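structure.pdb follows; it contains PDB, C-alpha atoms.
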MODEL        1
ATOM      1  CA  MET L   1     -24.130  -0.070  24.958  1.00  0.00           C
ATOM      2  CA  SER L   2     -21.394   2.080  26.454  1.00  0.00           C
ATOM      3  CA  MET L   3     -18.607   3.688  24.427  1.00  0.00           C
ATOM      4  CA  LEU L   4     -16.159   1.234  25.986  1.00  0.00           C
ATOM      5  CA  ASP L   5     -18.258  -1.693  24.778  1.00  0.00           C
ATOM      6  CA  ILE L   6     -18.402  -0.153  21.295  1.00  0.00           C
ATOM      7  CA  TRP L   7     -14.634   0.281  21.267  1.00  0.00           C
ATOM      8  CA  LEU L   8     -14.006  -3.275  22.425  1.00  0.00           C
ATOM      9  CA  GLY L   9     -16.425  -4.558  19.801  1.00  0.00           C
ATOM     10  CA  ILE L  10     -14.711  -2.651  16.991  1.00  0.00           C
ATOM     11  CA  LEU L  11     -11.246  -3.708  18.153  1.00  0.00           C
ATOM     12  CA  GLN L  12     -12.272  -7.340  17.768  1.00  0.00           C
ATOM     13  CA  GLY L  13     -11.753  -6.724  14.068  1.00  0.00           C
ATOM     14  CA  PHE L  14      -8.283  -5.184  14.474  1.00  0.00           C
ATOM     15  CA  ARG L  15      -6.540  -8.526  13.936  1.00  0.00           C
ATOM     16  CA  VAL L  16      -8.108  -8.884  10.490  1.00  0.00           C
ATOM     17  CA  THR L  17      -7.298  -5.261   9.615  1.00  0.00           C
ATOM     18  CA  ALA L  18      -3.668  -5.812  10.638  1.00  0.00           C
ATOM     19  CA  LEU L  19      -3.387  -9.099   8.712  1.00  0.00           C
ATOM     20  CA  VAL L  20      -4.791  -7.611   5.509  1.00  0.00           C
ATOM     21  CA  THR L  21      -2.304  -4.748   5.842  1.00  0.00           C
ATOM     22  CA  LEU L  22       0.673  -7.057   6.414  1.00  0.00           C
ATOM     23  CA  TYR L  23      -0.278  -9.489   3.662  1.00  0.00           C
ATOM     24  CA  GLY L  24      -1.012  -6.560   1.368  1.00  0.00           C
ATOM     25  CA  LEU L  25       2.547  -5.324   1.861  1.00  0.00           C
ATOM     26  CA  ILE L  26       3.799  -8.723   0.711  1.00  0.00           C
ATOM     27  CA  PHE L  27       2.171  -7.966  -2.638  1.00  0.00           C
ATOM     28  CA  ALA L  28       2.834  -4.213  -2.692  1.00  0.00           C
ATOM     29  CA  ILE L  29       6.567  -4.075  -1.982  1.00  0.00           C
ATOM     30  CA  PRO L  30       7.801  -6.552  -4.639  1.00  0.00           C
ATOM     31  CA  PHE L  31       5.321  -5.208  -7.203  1.00  0.00           C
ATOM     32  CA  GLY L  32       6.361  -1.602  -6.578  1.00  0.00           C
ATOM     33  CA  LEU L  33      10.079  -2.355  -6.742  1.00  0.00           C
ATOM     34  CA  VAL L  34      10.016  -4.697  -9.742  1.00  0.00           C
ATOM     35  CA  PHE L  35       7.667  -2.669 -11.908  1.00  0.00           C
ATOM     36  CA  GLY L  36       9.157   0.664 -10.867  1.00  0.00           C
ATOM     37  CA  VAL L  37      12.627  -0.518 -11.877  1.00  0.00           C
ATOM     38  CA  ALA L  38      11.232  -2.112 -15.044  1.00  0.00           C
ATOM     39  CA  GLN L  39       9.561   1.131 -16.078  1.00  0.00           C
ATOM     40  CA  TYR L  40      12.823   2.970 -15.423  1.00  0.00           C
ATOM     41  CA  LEU L  41      14.931   0.583 -17.498  1.00  0.00           C
ATOM     42  CA  THR L  42      12.694  -0.443 -20.374  1.00  0.00           C
ATOM     43  CA  THR L  43      11.886   1.396 -23.579  1.00  0.00           C
ATOM     44  CA  GLY L  44       9.538   0.928 -26.520  1.00  0.00           C
ATOM     45  CA  PRO L  45       6.905  -1.871 -26.470  1.00  0.00           C
ATOM     46  CA  ALA L  46       8.289  -3.404 -23.264  1.00  0.00           C
ATOM     47  CA  ARG L  47       7.804  -0.123 -21.424  1.00  0.00           C
ATOM     48  CA  LEU L  48       4.243   0.121 -22.768  1.00  0.00           C
ATOM     49  CA  VAL L  49       3.443  -3.336 -21.371  1.00  0.00           C
ATOM     50  CA  VAL L  50       4.949  -2.503 -17.977  1.00  0.00           C
ATOM     51  CA  THR L  51       3.086   0.808 -17.854  1.00  0.00           C
ATOM     52  CA  ALA L  52      -0.197  -0.860 -18.824  1.00  0.00           C
ATOM     53  CA  ILE L  53       0.102  -3.359 -15.957  1.00  0.00           C
ATOM     54  CA  ILE L  54       0.923  -0.595 -13.487  1.00  0.00           C
ATOM     55  CA  GLU L  55      -1.936   1.596 -14.647  1.00  0.00           C
ATOM     56  CA  PHE L  56      -4.424  -1.274 -14.495  1.00  0.00           C
ATOM     57  CA  TRP L  57      -3.803  -1.789 -10.790  1.00  0.00           C
ATOM     58  CA  ARG L  58      -3.284   1.890 -10.009  1.00  0.00           C
ATOM     59  CA  SER L  59      -6.269   3.277 -11.896  1.00  0.00           C
ATOM     60  CA  SER L  60      -8.938   0.598 -11.379  1.00  0.00           C
ATOM     61  CA  ALA L  61     -11.519   1.073  -8.630  1.00  0.00           C
ATOM     62  CA  VAL L  62     -10.510  -1.068  -5.653  1.00  0.00           C
ATOM     63  CA  ILE L  63     -14.084  -1.918  -4.725  1.00  0.00           C
ATOM     64  CA  ILE L  64     -14.785  -3.236  -8.253  1.00  0.00           C
ATOM     65  CA  LEU L  65     -11.580  -5.294  -8.231  1.00  0.00           C
ATOM     66  CA  LEU L  66     -12.611  -6.840  -4.914  1.00  0.00           C
ATOM     67  CA  PHE L  67     -15.994  -7.814  -6.323  1.00  0.00           C
ATOM     68  CA  VAL L  68     -14.515  -9.186  -9.554  1.00  0.00           C
ATOM     69  CA  PHE L  69     -11.838 -11.306  -7.894  1.00  0.00           C
ATOM     70  CA  TYR L  70     -14.051 -12.583  -5.074  1.00  0.00           C
ATOM     71  CA  TYR L  71     -17.465 -12.964  -6.692  1.00  0.00           C
ATOM     72  CA  ALA L  72     -16.888 -13.169 -10.467  1.00  0.00           C
ATOM     73  CA  LEU L  73     -13.794 -15.355 -10.840  1.00  0.00           C
ATOM     74  CA  PRO L  74     -15.424 -18.401  -9.153  1.00  0.00           C
ATOM     75  CA  VAL L  75     -17.854 -18.427 -12.099  1.00  0.00           C
ATOM     76  CA  VAL L  76     -14.927 -19.421 -14.349  1.00  0.00           C
ATOM     77  CA  GLY L  77     -13.503 -21.852 -11.786  1.00  0.00           C
ATOM     78  CA  LEU L  78     -10.970 -19.597 -10.056  1.00  0.00           C
ATOM     79  CA  MET L  79     -11.578 -19.338  -6.324  1.00  0.00           C
ATOM     80  CA  PHE L  80      -9.524 -17.419  -3.764  1.00  0.00           C
ATOM     81  CA  SER L  81     -10.151 -16.830  -0.082  1.00  0.00           C
ATOM     82  CA  ALA L  82     -11.433 -13.443   1.019  1.00  0.00           C
ATOM     83  CA  MET L  83      -8.118 -12.771   2.762  1.00  0.00           C
ATOM     84  CA  THR L  84      -6.105 -13.606  -0.351  1.00  0.00           C
ATOM     85  CA  VAL L  85      -8.291 -11.464  -2.609  1.00  0.00           C
ATOM     86  CA  SER L  86      -8.211  -8.527  -0.200  1.00  0.00           C
ATOM     87  CA  ALA L  87      -4.453  -8.621   0.317  1.00  0.00           C
ATOM     88  CA  MET L  88      -3.759  -9.050  -3.391  1.00  0.00           C
ATOM     89  CA  VAL L  89      -6.115  -6.334  -4.632  1.00  0.00           C
ATOM     90  CA  LEU L  90      -5.188  -3.748  -2.005  1.00  0.00           C
ATOM     91  CA  GLY L  91      -1.503  -4.633  -2.170  1.00  0.00           C
ATOM     92  CA  LEU L  92      -1.220  -4.416  -5.949  1.00  0.00           C
ATOM     93  CA  ASN L  93      -3.217  -1.196  -5.997  1.00  0.00           C
ATOM     94  CA  ILE L  94      -0.821   0.393  -3.507  1.00  0.00           C
ATOM     95  CA  GLY L  95       2.086  -1.251  -5.316  1.00  0.00           C
ATOM     96  CA  GLY L  96       1.058   0.567  -8.489  1.00  0.00           C
ATOM     97  CA  TYR L  97       1.468   3.899  -6.738  1.00  0.00           C
ATOM     98  CA  ALA L  98       4.710   2.756  -5.091  1.00  0.00           C
ATOM     99  CA  SER L  99       6.140   1.791  -8.478  1.00  0.00           C
ATOM    100  CA  GLN L 100       5.830   5.394  -9.600  1.00  0.00           C
ATOM    101  CA  ALA L 101       7.732   6.535  -6.527  1.00  0.00           C
ATOM    102  CA  VAL L 102      10.476   4.020  -7.372  1.00  0.00           C
ATOM    103  CA  ARG L 103      10.669   5.177 -10.990  1.00  0.00           C
ATOM    104  CA  ALA L 104      10.693   8.862 -10.021  1.00  0.00           C
ATOM    105  CA  GLY L 105      13.326   8.252  -7.344  1.00  0.00           C
ATOM    106  CA  LEU L 106      15.632   6.538  -9.820  1.00  0.00           C
ATOM    107  CA  GLN L 107      15.109   9.208 -12.472  1.00  0.00           C
ATOM    108  CA  SER L 108      15.923  11.961  -9.973  1.00  0.00           C
ATOM    109  CA  LEU L 109      19.448  10.681  -9.379  1.00  0.00           C
ATOM    110  CA  ASP L 110      22.404  12.486 -10.895  1.00  0.00           C
ATOM    111  CA  ARG L 111      23.353  10.807 -14.183  1.00  0.00           C
ATOM    112  CA  GLY L 112      26.988  11.325 -13.281  1.00  0.00           C
ATOM    113  CA  GLN L 113      26.796   8.513 -10.745  1.00  0.00           C
ATOM    114  CA  LYS L 114      25.750   6.007 -13.400  1.00  0.00           C
ATOM    115  CA  GLU L 115      28.440   7.289 -15.722  1.00  0.00           C
ATOM    116  CA  ALA L 116      31.039   6.933 -12.959  1.00  0.00           C
ATOM    117  CA  GLY L 117      29.985   3.324 -12.448  1.00  0.00           C
ATOM    118  CA  GLN L 118      30.279   2.657 -16.155  1.00  0.00           C
ATOM    119  CA  ALA L 119      33.745   4.237 -16.157  1.00  0.00           C
ATOM    120  CA  LEU L 120      34.734   1.756 -13.435  1.00  0.00           C
ATOM    121  CA  GLY L 121      33.627  -1.095 -15.646  1.00  0.00           C
ATOM    122  CA  LEU L 122      30.548  -2.016 -13.614  1.00  0.00           C
ATOM    123  CA  SER L 123      27.684  -3.770 -15.377  1.00  0.00           C
ATOM    124  CA  ARG L 124      24.275  -2.125 -15.654  1.00  0.00           C
ATOM    125  CA  PRO L 125      22.648  -4.453 -13.067  1.00  0.00           C
ATOM    126  CA  THR L 126      25.531  -3.824 -10.651  1.00  0.00           C
ATOM    127  CA  ILE L 127      25.195  -0.056 -11.034  1.00  0.00           C
ATOM    128  CA  LEU L 128      21.446  -0.334 -10.408  1.00  0.00           C
ATOM    129  CA  LEU L 129      21.751  -2.571  -7.331  1.00  0.00           C
ATOM    130  CA  LEU L 130      24.799  -0.999  -5.678  1.00  0.00           C
ATOM    131  CA  ILE L 131      24.633   2.664  -6.661  1.00  0.00           C
ATOM    132  CA  GLU L 132      21.231   3.812  -7.879  1.00  0.00           C
ATOM    133  CA  LEU L 133      18.657   1.740  -5.982  1.00  0.00           C
ATOM    134  CA  PRO L 134      20.094   2.233  -2.451  1.00  0.00           C
ATOM    135  CA  GLN L 135      20.067   6.024  -2.883  1.00  0.00           C
ATOM    136  CA  ALA L 136      16.611   6.035  -4.451  1.00  0.00           C
ATOM    137  CA  LEU L 137      15.159   3.890  -1.652  1.00  0.00           C
ATOM    138  CA  VAL L 138      16.369   6.374   0.951  1.00  0.00           C
ATOM    139  CA  THR L 139      14.604   9.273  -0.737  1.00  0.00           C
ATOM    140  CA  MET L 140      11.485   7.174  -1.414  1.00  0.00           C
ATOM    141  CA  SER L 141      11.027   5.915   2.147  1.00  0.00           C
ATOM    142  CA  PRO L 142       8.659   8.727   3.285  1.00  0.00           C
ATOM    143  CA  THR L 143       6.450   8.052   0.249  1.00  0.00           C
ATOM    144  CA  PHE L 144       6.412   4.335   1.045  1.00  0.00           C
ATOM    145  CA  ILE L 145       5.294   5.050   4.593  1.00  0.00           C
ATOM    146  CA  ASN L 146       2.471   7.238   3.283  1.00  0.00           C
ATOM    147  CA  GLN L 147       1.403   4.342   1.073  1.00  0.00           C
ATOM    148  CA  ILE L 148       1.232   2.094   4.144  1.00  0.00           C
ATOM    149  CA  ILE L 149      -1.225   4.564   5.670  1.00  0.00           C
ATOM    150  CA  GLN L 150      -3.293   4.446   2.485  1.00  0.00           C
ATOM    151  CA  LEU L 151      -3.256   0.648   2.663  1.00  0.00           C
ATOM    152  CA  VAL L 152      -4.501   0.624   6.265  1.00  0.00           C
ATOM    153  CA  LYS L 153      -7.369   2.969   5.370  1.00  0.00           C
ATOM    154  CA  ALA L 154      -8.245   0.899   2.296  1.00  0.00           C
ATOM    155  CA  THR L 155      -8.769  -2.168   4.489  1.00  0.00           C
ATOM    156  CA  SER L 156     -12.108  -0.631   5.465  1.00  0.00           C
ATOM    157  CA  LEU L 157     -13.398  -2.014   2.129  1.00  0.00           C
ATOM    158  CA  VAL L 158     -12.664  -5.672   2.849  1.00  0.00           C
ATOM    159  CA  SER L 159     -15.864  -6.108   4.847  1.00  0.00           C
ATOM    160  CA  LEU L 160     -17.572  -6.135   1.430  1.00  0.00           C
ATOM    161  CA  VAL L 161     -16.019  -9.556   0.796  1.00  0.00           C
ATOM    162  CA  THR L 162     -17.064 -10.916   4.227  1.00  0.00           C
ATOM    163  CA  LEU L 163     -13.872 -10.281   6.206  1.00  0.00           C
ATOM    164  CA  THR L 164     -14.619  -9.359   9.808  1.00  0.00           C
ATOM    165  CA  ASP L 165     -12.383  -6.301  10.068  1.00  0.00           C
ATOM    166  CA  MET L 166     -13.027  -3.225  12.208  1.00  0.00           C
ATOM    167  CA  THR L 167     -15.524  -1.797   9.723  1.00  0.00           C
ATOM    168  CA  PHE L 168     -17.421  -5.103   9.645  1.00  0.00           C
ATOM    169  CA  ARG L 169     -17.618  -5.111  13.437  1.00  0.00           C
ATOM    170  CA  ALA L 170     -18.883  -1.517  13.445  1.00  0.00           C
ATOM    171  CA  LYS L 171     -21.646  -2.490  10.984  1.00  0.00           C
ATOM    172  CA  GLU L 172     -22.631  -5.412  13.194  1.00  0.00           C
ATOM    173  CA  ILE L 173     -22.871  -3.214  16.283  1.00  0.00           C
ATOM    174  CA  SER L 174     -24.820  -0.576  14.341  1.00  0.00           C
ATOM    175  CA  GLN L 175     -27.381  -3.154  13.221  1.00  0.00           C
ATOM    176  CA  ILE L 176     -27.902  -4.184  16.842  1.00  0.00           C
ATOM    177  CA  GLU L 177     -27.917  -0.773  18.484  1.00  0.00           C
ATOM    178  CA  TYR L 178     -29.576   1.341  15.744  1.00  0.00           C
ATOM    179  CA  ASP L 179     -27.394   4.280  16.796  1.00  0.00           C
ATOM    180  CA  PRO L 180     -24.766   4.687  14.046  1.00  0.00           C
ATOM    181  CA  VAL L 181     -23.326   8.083  15.031  1.00  0.00           C
ATOM    182  CA  PRO L 182     -21.273   7.084  18.115  1.00  0.00           C
ATOM    183  CA  ILE L 183     -20.391   3.758  16.502  1.00  0.00           C
ATOM    184  CA  TYR L 184     -18.928   5.218  13.320  1.00  0.00           C
ATOM    185  CA  LEU L 185     -17.259   8.043  15.214  1.00  0.00           C
ATOM    186  CA  SER L 186     -15.575   5.340  17.298  1.00  0.00           C
ATOM    187  CA  LEU L 187     -14.560   3.562  14.087  1.00  0.00           C
ATOM    188  CA  LEU L 188     -13.121   6.811  12.734  1.00  0.00           C
ATOM    189  CA  LEU L 189     -11.119   7.244  15.924  1.00  0.00           C
ATOM    190  CA  ALA L 190      -9.924   3.635  15.744  1.00  0.00           C
ATOM    191  CA  TYR L 191      -8.456   4.138  12.259  1.00  0.00           C
ATOM    192  CA  PHE L 192      -6.862   7.395  13.420  1.00  0.00           C
ATOM    193  CA  VAL L 193      -5.238   5.635  16.376  1.00  0.00           C
ATOM    194  CA  VAL L 194      -3.830   3.003  14.014  1.00  0.00           C
ATOM    195  CA  CYS L 195      -2.637   5.395  11.293  1.00  0.00           C
ATOM    196  CA  TYR L 196      -1.307   8.331  13.305  1.00  0.00           C
ATOM    197  CA  PRO L 197       1.756   6.525  14.722  1.00  0.00           C
ATOM    198  CA  ILE L 198       2.637   5.478  11.162  1.00  0.00           C
ATOM    199  CA  ALA L 199       2.319   9.121  10.095  1.00  0.00           C
ATOM    200  CA  LEU L 200       4.650  10.154  12.923  1.00  0.00           C
ATOM    201  CA  LEU L 201       7.134   7.543  11.757  1.00  0.00           C
ATOM    202  CA  GLY L 202       6.894   9.023   8.268  1.00  0.00           C
ATOM    203  CA  ARG L 203       7.727  12.489   9.604  1.00  0.00           C
ATOM    204  CA  LEU L 204      10.688  11.090  11.527  1.00  0.00           C
ATOM    205  CA  VAL L 205      12.011   9.289   8.454  1.00  0.00           C
ATOM    206  CA  GLU L 206      11.519  12.390   6.329  1.00  0.00           C
ATOM    207  CA  SER L 207      13.491  14.490   8.816  1.00  0.00           C
ATOM    208  CA  ARG L 208      16.341  11.987   8.619  1.00  0.00           C
ATOM    209  CA  VAL L 209      16.138  11.570   4.851  1.00  0.00           C
ATOM    210  CA  GLY L 210      16.344  15.318   4.116  1.00  0.00           C
ATOM    211  CA  PRO L 211      19.997  15.722   5.167  1.00  0.00           C
ATOM    212  CA  ALA L 212      20.896  12.436   3.463  1.00  0.00           C
ATOM    213  CA  ARG L 213      19.301  13.620   0.227  1.00  0.00           C
ATOM    214  CA  GLU L 214      21.269  16.904   0.396  1.00  0.00           C
ATOM    215  CA  ILE L 215      24.538  15.026   0.968  1.00  0.00           C
ATOM    216  CA  SER L 216      23.961  12.578  -1.902  1.00  0.00           C
ATOM    217  CA  GLY L 217      22.905  15.410  -4.161  1.00  0.00           C
ATOM    218  CA  GLY L 218      26.120  17.243  -3.481  1.00  0.00           C
ATOM    219  CA  LEU L 219      28.342  14.300  -4.340  1.00  0.00           C
TER
ENDMDL
END
What is this structure when it is put down as structure tokens?
Amino acid sequence: MSMLDIWLGILQGFRVTALVTLYGLIFAIPFGLVFGVAQYLTTGPARLVVTAIIEFWRSSAVIILLFVFYYALPVVGLMFSAMTVSAMVLGLNIGGYASQAVRAGLQSLDRGQKEAGQALGLSRPTILLLIELPQALVTMSPTFINQIIQLVKATSLVSLVTLTDMTFRAKEISQIEYDPVPIYLSLLLAYFVVCYPIALLGRLVESRVGPAREISGGL
């Protein structure tokens, strides 16, 4: 099998890789925003609960979570498709890391801005939505893009729950050809080709965010 044939075979799984990434973001973005803001605002027992949920998804091994949700939950009558399990597990794992970026971004803002909003008679939710969160999201955007890269790379695990992604296709070809070196080198290159443009976007955003961060910090 030629290198072109290997490449075409691996790229047959790109659609699944892309779908898991996109669906994973549907879980990751709301989770990261909601729990990051919740950890920023809450105190006492409520903050402990929020932190525990974040740490469960952030600190648990993704491969074990995939196995538990796909293979173990049906034993107790809960069944999800492989796509749903993969998107949920990978998305919430990445969302756990994103939540910490949200919390840190909010905590890094000058307290004077919140105090100015309070002096104007704005409510706490209004200050959060109109003053704090927009500024924090600007500074957090490079971190979010890095998390997207991590999500794309993590999709290489979903073949363990029968999804036919690029890694699954590479395994299939390897079992036929019995020559894993060029096959997995091609797979490595395929993930690089997918992730590198996202990394370039991250650098571009970071170059734009830097001046914005300096301006907001000087206000």
**Message:** as an MDAnalysis selection string, please: the residues near Trp57 of chain L (cut-off 9 Å, only C-alpha atoms, same-chain neighbours under 2 positions excluded).
**Reply:** chainID L and resid 52:55 59:62 65 89 92:97
**Item:** From L:Leu120, L:Val152, L:Leu106, L:Met1, residue lying nearest Leu19 of chain L [only C-alpha atoms]
**Value:** L:Val152
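For the file shown, the residue list from the PyMOL selection byres ((chain L and resi 27-34) around 6) reads Gly24, Leu25, Ile26, Phe35, Gly36, Val37, Gly91, Leu92, Ile94, Gly95, Ala98 and Ser99 of chain L.
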**Request:** Please write as number ranges by chain the list of polymer residues whose atoms come within 10 Å of (24.4, 3.1, -8.3), counting all atoms listed in the file and keeping to the coordinates of the file.
**Result:** L: 106, 109-118, 122, 124-136
The PyMOL selection byres ((chain L and resi 161) around 8) - which residues does that actually catch in the file I just gave you? List them as a PDB file with C-alpha atoms, keeping the file's coordinate frame.
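out_34.pdb was written with the following content:
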ATOM      1  CA  LEU L  66     -12.611  -6.840  -4.914  1.00  0.00           C
ATOM      2  CA  PHE L  67     -15.994  -7.814  -6.323  1.00  0.00           C
ATOM      3  CA  TYR L  70     -14.051 -12.583  -5.074  1.00  0.00           C
ATOM      4  CA  ALA L  82     -11.433 -13.443   1.019  1.00  0.00           C
ATOM      5  CA  SER L  86      -8.211  -8.527  -0.200  1.00  0.00           C
ATOM      6  CA  VAL L 158     -12.664  -5.672   2.849  1.00  0.00           C
ATOM      7  CA  SER L 159     -15.864  -6.108   4.847  1.00  0.00           C
ATOM      8  CA  LEU L 160     -17.572  -6.135   1.430  1.00  0.00           C
ATOM      9  CA  THR L 162     -17.064 -10.916   4.227  1.00  0.00           C
ATOM     10  CA  LEU L 163     -13.872 -10.281   6.206  1.00  0.00           C
TER      11      LEU L 163
END
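In this structure, atom CA of Met79 of chain L sits 22.1 Å away from atom CA of Ser156 of chain L.
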**Request:** Might you pull out every residue within 9 Å of Ile149 of chain L, with all atoms listed in the file counted and same-chain residues fewer than 5 positions away left off, and present them as a PyMOL selection string?
**Result:** chain L and resi 144+154+194-196+198-199
**Request:** Return the single residue from L:Ile176, L:Thr17, L:Ala190, L:Thr139 that is closest to Val205 of chain L, with distances computed using all atoms listed in the file.
**Result:** L:Thr139
What would the list of residues within 8 Å of (-4.3, -11.9, 5.4) (file frame) look like as a tab-separated table (two decimals) with C-alpha atoms, in the frame of the given file, if only C-alpha atoms are what count?
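This went into selection_15.tsv:
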chain	number	residue	atom	x	y	z
L	16	VAL	CA	-8.11	-8.88	10.49
L	19	LEU	CA	-3.39	-9.10	8.71
L	20	VAL	CA	-4.79	-7.61	5.51
L	21	THR	CA	-2.30	-4.75	5.84
L	22	LEU	CA	0.67	-7.06	6.41
L	23	TYR	CA	-0.28	-9.49	3.66
L	24	GLY	CA	-1.01	-6.56	1.37
L	83	MET	CA	-8.12	-12.77	2.76
L	84	THR	CA	-6.10	-13.61	-0.35
L	86	SER	CA	-8.21	-8.53	-0.20
L	87	ALA	CA	-4.45	-8.62	0.32
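Reported to one decimal place, the separation of atom CA of Thr167 of chain L from atom CA of Arg58 of chain L is 23.5 Å.
Excluding Leu8 of chain L and any residue on its chain fewer than 3 positions from it, the residues at most 12 Å away by all atoms listed in the file are Met1, Ser2, Met3, Leu4, Asp5, Leu11, Gln12, Gly13, Phe14, Met166, Arg169, Ala170, Ile173, Ile183, Ser186, Leu187 and Ala190 of chain L.
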Emit as lines of an AutoDock Vina configuration file the padded axis-aligned box for all listed atoms of segment 99-103 of chain L, 4 Å per side, with centre and edge lengths in Å to one decimal.
center_x = 8.2
center_y = 4.2
center_z = -8.8
size_x = 12.8
size_y = 12.7
size_z = 12.5
**Fill in**
As a check of understanding: the span from atom CA of Gly202 of chain L to atom CA of Ser141 of chain L is 8.0 Å
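With all atoms listed in the file as the atoms that count, the minimum distance from Val193 of chain L to the choices L:Lys153, L:Gln147, L:Asp179, L:Ala38 is reached by L:Lys153.
Comparing L:Phe168, L:Pro197, L:Pro180, L:Ala104 by their smallest distance to Gly9 of chain L, the closest is L:Phe168 (using only C-alpha atoms).
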